[in-house]
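See below for the structure under consideration.
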Amino acid sequence: MMRILPVTLVVCTFTAVGFAQNVRKPGAEHARMGYFAGDWKVEGESEGLKYTLQDTCEWFEGGFHLVCRSEGGGAFGKMKGQAVFAFDRISKSYTLFTMNNLGNGFVATGSVSDKVWTWNAELAGPQGPIKARLTMTEESPNAYRIVLHGQIGQEWAVLEESRATKVVR
């Protein structure tokens with residue numbers, strides 16, 4: 001019995017891996033995230049403070065996730081961040097995970113319609129969580145605009161705006 005268990009585990013593991021490799025391949029939804037692949041210069045403003053970032057977005061092994069790393073800064077000091085774009089096959093929606101060295105981060109669910117990506121999340125506000133909506137509008141193959149809105153009371157206010165331009169090498 002003791003010899004059968006390890007053999008069974010090995011067989012099941014390789015069978016599951018083989019099955020996953022044959023069935024799970026990136027689809028059109030994953031390819032759509034490829035718009036953001038590459039190097040970008042981001043210039044923006046948040047709460048009156050200007051910043052500049054360099055983003056590098058690359059496919060994670062397997063082609064299911066796009067990983068972006070950013071570095072730069074501005075009036076608030078040096079900043080490093082990371083974001084991961086993904087597509088959730090179960091909910092049929094996109095997910096965006098972000099974090100930075102300033103302690104900010106969120107998980108958003110989103111969709112894309114034509115050239116507008118819309119993400120919904122909750123942010124930590126001074127009086128508790130606030131609803132947030134992030135839109136990323138593709139202006140051209142080499143530029144997109146980012147606007148972050150937060151719901152304060154019944155009103156939606158612009159919290160941050162930026163523009164990204166592709167760095168052509």
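Letters A, B, ... mark the chains of the structure tokens in the order given; residue numbers begin at 1 per chain; ligand numbers begin at 1, in order shown.
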**Request:** Do a neighbour search on A:Glu139 at 8 Å with only C-alpha atoms, toss out local chain neighbours closer than 5 positions, and write the hits as a VMD selection string.
**Result:** chain A and resid 115 144 to 145
Keeping only N, CA, C and O atoms, write the selected residues to a file as an mmCIF file, in the first residue's frame.
```cif
data_model
loop_
_atom_site.group_PDB
_atom_site.id
_atom_site.type_symbol
_atom_site.label_atom_id
_atom_site.label_comp_id
_atom_site.auth_asym_id
_atom_site.auth_seq_id
_atom_site.Cartn_x
_atom_site.Cartn_y
_atom_site.Cartn_z
ATOM 1 N N LYS A 115 -12.449 50.560 -27.153
ATOM 2 C CA LYS A 115 -11.116 50.977 -26.709
ATOM 3 C C LYS A 115 -11.109 51.507 -25.287
ATOM 4 O O LYS A 115 -10.157 52.146 -24.863
ATOM 5 N N TYR A 144 -2.419 55.886 -24.218
ATOM 6 C CA TYR A 144 -3.704 55.708 -23.549
ATOM 7 C C TYR A 144 -3.814 56.662 -22.373
ATOM 8 O O TYR A 144 -2.821 57.122 -21.833
ATOM 9 N N ARG A 145 -5.044 56.989 -22.026
ATOM 10 C CA ARG A 145 -5.347 57.912 -20.932
ATOM 11 C C ARG A 145 -5.947 57.122 -19.777
ATOM 12 O O ARG A 145 -6.743 56.211 -19.984
#
```
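The protein and nucleic acid residues lying at most 10 Å from A:Leu148 are Ser46, Thr118, Trp119, Asn120, Ala132, Arg133, Leu134, Thr135, Met136, Trp156, Ala157, Val158, Leu159, Glu160, Glu161 and Ser162 of chain A, with only C-alpha atoms considered and sequence neighbours fewer than 5 positions away removed.
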**Request:** Could you find all residues in stretch 3-169 of chain A that DSSP calls strand (DSSP E or B) from the backbone, and write them as a ChimeraX atom specification?
**Result:** /A:38-46,49-59,66-74,77-88,93-100,105-113,116-125,128-140,143-152,155-166
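For the residues A:Thr95, A:Pro26, A:Val67, A:Asp55, ranking by smallest atom-to-atom distance to A:Thr165 using only C-alpha atoms places A:Asp55 first.
Among the candidates A:Ala83, A:Lys78, A:Glu138, A:Ile130, the one nearest to A:Lys166 when counting only C-alpha atoms is A:Glu138.
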**Prompt:** If we count only C-alpha atoms, what is near A:Tyr51 at a cut-off of 6 Å, once residues fewer than 4 positions away on the same chain are taken out, given as number ranges by chain?
**Reply:** A: 43-44, 73-74
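Computed from the coordinates, the atom CA of A:Tyr35 to atom CA of A:Pro141 distance equals 7.5 Å.
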**Asked** Which residues come within 10 Å of A:Lys41, counting only C-alpha atoms, excluding same-chain residues fewer than 2 positions away, as a ChimeraX atom specification?
**Response** /A:39,43,52-56,70-72,143,163-167
Mind dumping the selected residues with N, CA and C atoms as an mmCIF file, in the first residue's frame?
```
data_model
loop_
_atom_site.group_PDB
_atom_site.id
_atom_site.type_symbol
_atom_site.label_atom_id
_atom_site.label_comp_id
_atom_site.auth_asym_id
_atom_site.auth_seq_id
_atom_site.Cartn_x
_atom_site.Cartn_y
_atom_site.Cartn_z
ATOM 1 N N ASP A 39 7.044 48.992 -23.243
ATOM 2 C CA ASP A 39 7.553 50.023 -22.354
ATOM 3 C C ASP A 39 6.739 51.292 -22.537
ATOM 4 N N GLU A 43 2.834 59.991 -17.398
ATOM 5 C CA GLU A 43 2.888 61.289 -16.736
ATOM 6 C C GLU A 43 1.500 61.591 -16.200
ATOM 7 N N THR A 52 5.965 61.104 -12.744
ATOM 8 C CA THR A 52 6.374 60.468 -13.994
ATOM 9 C C THR A 52 6.833 59.057 -13.653
ATOM 10 N N LEU A 53 6.390 58.099 -14.442
ATOM 11 C CA LEU A 53 6.756 56.694 -14.234
ATOM 12 C C LEU A 53 7.223 56.075 -15.538
ATOM 13 N N GLN A 54 8.066 55.073 -15.428
ATOM 14 C CA GLN A 54 8.428 54.223 -16.550
ATOM 15 C C GLN A 54 7.819 52.857 -16.262
ATOM 16 N N ASP A 55 6.938 52.398 -17.129
ATOM 17 C CA ASP A 55 6.291 51.086 -16.976
ATOM 18 C C ASP A 55 6.872 50.110 -17.991
ATOM 19 N N THR A 56 7.118 48.900 -17.541
ATOM 20 C CA THR A 56 7.492 47.812 -18.441
ATOM 21 C C THR A 56 6.505 46.687 -18.210
ATOM 22 N N SER A 70 6.643 49.310 -12.521
ATOM 23 C CA SER A 70 6.830 50.736 -12.745
ATOM 24 C C SER A 70 7.824 51.308 -11.752
ATOM 25 N N GLU A 71 8.493 52.367 -12.207
ATOM 26 C CA GLU A 71 9.451 53.053 -11.363
ATOM 27 C C GLU A 71 9.475 54.515 -11.772
ATOM 28 N N GLY A 72 9.553 55.378 -10.783
ATOM 29 C CA GLY A 72 9.610 56.807 -11.058
ATOM 30 C C GLY A 72 9.370 57.578 -9.792
ATOM 31 N N ALA A 143 -0.618 55.229 -27.228
ATOM 32 C CA ALA A 143 -0.973 56.135 -26.133
ATOM 33 C C ALA A 143 -2.323 55.750 -25.537
ATOM 34 N N ARG A 163 -1.456 60.034 -18.463
ATOM 35 C CA ARG A 163 -1.398 59.638 -19.867
ATOM 36 C C ARG A 163 -0.124 58.824 -20.066
ATOM 37 N N ALA A 164 -0.256 57.710 -20.761
ATOM 38 C CA ALA A 164 0.871 56.834 -21.042
ATOM 39 C C ALA A 164 1.180 56.880 -22.535
ATOM 40 N N THR A 165 2.455 56.996 -22.845
ATOM 41 C CA THR A 165 2.888 56.936 -24.236
ATOM 42 C C THR A 165 3.932 55.836 -24.369
ATOM 43 N N LYS A 166 3.816 55.074 -25.444
ATOM 44 C CA LYS A 166 4.707 53.935 -25.655
ATOM 45 C C LYS A 166 6.109 54.437 -26.001
ATOM 46 N N VAL A 167 7.080 53.801 -25.397
ATOM 47 C CA VAL A 167 8.481 54.111 -25.680
ATOM 48 C C VAL A 167 8.911 53.191 -26.824
#
```
**Request:** Please provide the set of residues having any atom within 9 Å of A:Val112, restricted to only C-alpha atoms, with same-chain residues fewer than 4 positions apart removed, written as a PyMOL selection string.
**Result:** chain A and resi 32+93-94+116-119
Could you please take those selected residues and save N, CA, C and O atoms as a CSV table (one decimal), in the first residue's frame?
```
chain,number,residue,atom,x,y,z
A,32,ARG,N,-6.1,40.2,-25.9
A,32,ARG,CA,-6.6,41.6,-25.9
A,32,ARG,C,-5.8,42.5,-24.9
A,32,ARG,O,-5.5,43.7,-25.1
A,93,SER,N,-14.6,38.1,-16.7
A,93,SER,CA,-14.2,39.5,-16.5
A,93,SER,C,-12.7,39.6,-16.3
A,93,SER,O,-12.0,38.6,-16.0
A,94,TYR,N,-12.2,40.8,-16.5
A,94,TYR,CA,-10.7,41.0,-16.3
A,94,TYR,C,-10.5,41.3,-14.8
A,94,TYR,O,-11.4,41.8,-14.2
A,116,VAL,N,-12.2,51.2,-24.5
A,116,VAL,CA,-12.3,51.7,-23.2
A,116,VAL,C,-12.3,50.5,-22.2
A,116,VAL,O,-13.2,49.7,-22.2
A,117,TRP,N,-11.3,50.5,-21.3
A,117,TRP,CA,-11.2,49.5,-20.2
A,117,TRP,C,-11.8,50.2,-19.0
A,117,TRP,O,-11.4,51.3,-18.6
A,118,THR,N,-12.8,49.5,-18.3
A,118,THR,CA,-13.4,50.1,-17.1
A,118,THR,C,-13.2,49.1,-16.0
A,118,THR,O,-13.5,47.9,-16.1
A,119,TRP,N,-12.6,49.6,-14.9
A,119,TRP,CA,-12.3,48.8,-13.7
A,119,TRP,C,-13.0,49.3,-12.5
A,119,TRP,O,-13.1,50.5,-12.3
```
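Across A:Asp114, A:Ala86, A:Phe97, A:Glu47, the tightest approach to A:Arg69 is made by A:Phe97 when counting only C-alpha atoms.
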**Message:** What's around A:Cys57 at 6 Å? Count only C-alpha atoms, leave out sequence neighbours fewer than 4 positions away in its own chain, and write the answer as a ChimeraX atom specification.
**Reply:** /A:37-38,67-68
Can I get the selection written as a PDB file, in the first residue's frame, with N, CA, C and O atoms?
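File written: part-v1.pdb
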```
ATOM      1  N   ALA A  37       1.304  45.563 -23.409  1.00  0.00           N
ATOM      2  CA  ALA A  37       2.662  45.021 -23.402  1.00  0.00           C
ATOM      3  C   ALA A  37       3.643  46.040 -23.973  1.00  0.00           C
ATOM      4  O   ALA A  37       3.325  46.785 -24.899  1.00  0.00           O
ATOM      5  N   GLY A  38       4.822  46.107 -23.372  1.00  0.00           N
ATOM      6  CA  GLY A  38       5.859  47.009 -23.867  1.00  0.00           C
ATOM      7  C   GLY A  38       6.298  47.994 -22.802  1.00  0.00           C
ATOM      8  O   GLY A  38       5.975  47.866 -21.627  1.00  0.00           O
ATOM      9  N   VAL A  67       2.321  41.209 -16.664  1.00  0.00           N
ATOM     10  CA  VAL A  67       2.901  41.767 -15.445  1.00  0.00           C
ATOM     11  C   VAL A  67       3.601  43.078 -15.798  1.00  0.00           C
ATOM     12  O   VAL A  67       4.435  43.114 -16.708  1.00  0.00           O
ATOM     13  N   CYS A  68       3.250  44.142 -15.064  1.00  0.00           N
ATOM     14  CA  CYS A  68       3.837  45.457 -15.306  1.00  0.00           C
ATOM     15  C   CYS A  68       4.589  45.904 -14.066  1.00  0.00           C
ATOM     16  O   CYS A  68       4.077  45.804 -12.952  1.00  0.00           O
TER      17      CYS A  68
END
```
**Request:** Identify which of the residues A:Glu45, A:Leu102, A:Gly128, A:Glu58 lies closest to A:Gly77, counting only C-alpha atoms when measuring atom-to-atom distances.
**Result:** A:Leu102
At a cut-off of 9 Å, using only C-alpha atoms, what residues contact A:Phe106? Leave out same-chain residues fewer than 4 positions from it and give the result as a short mmCIF file (atom, residue, chain, number, x, y, z; two decimals) with C-alpha atoms, in the first residue's frame.
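Dumped to out25.cif:
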```
data_model
loop_
_atom_site.label_atom_id
_atom_site.label_comp_id
_atom_site.auth_asym_id
_atom_site.auth_seq_id
_atom_site.Cartn_x
_atom_site.Cartn_y
_atom_site.Cartn_z
CA LEU A 96 -6.24 44.03 -12.20
CA PHE A 97 -4.03 43.70 -9.13
CA THR A 98 -1.89 46.73 -8.23
CA MET A 99 0.47 47.69 -5.44
CA ALA A 121 -12.66 48.54 -7.02
CA GLU A 122 -12.71 49.82 -3.45
CA LEU A 123 -9.99 52.11 -2.14
CA ALA A 124 -9.06 52.89 1.43
#
```
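Between atom CA of A:His30 and atom CA of A:Asp88 the separation is 9.7 Å.
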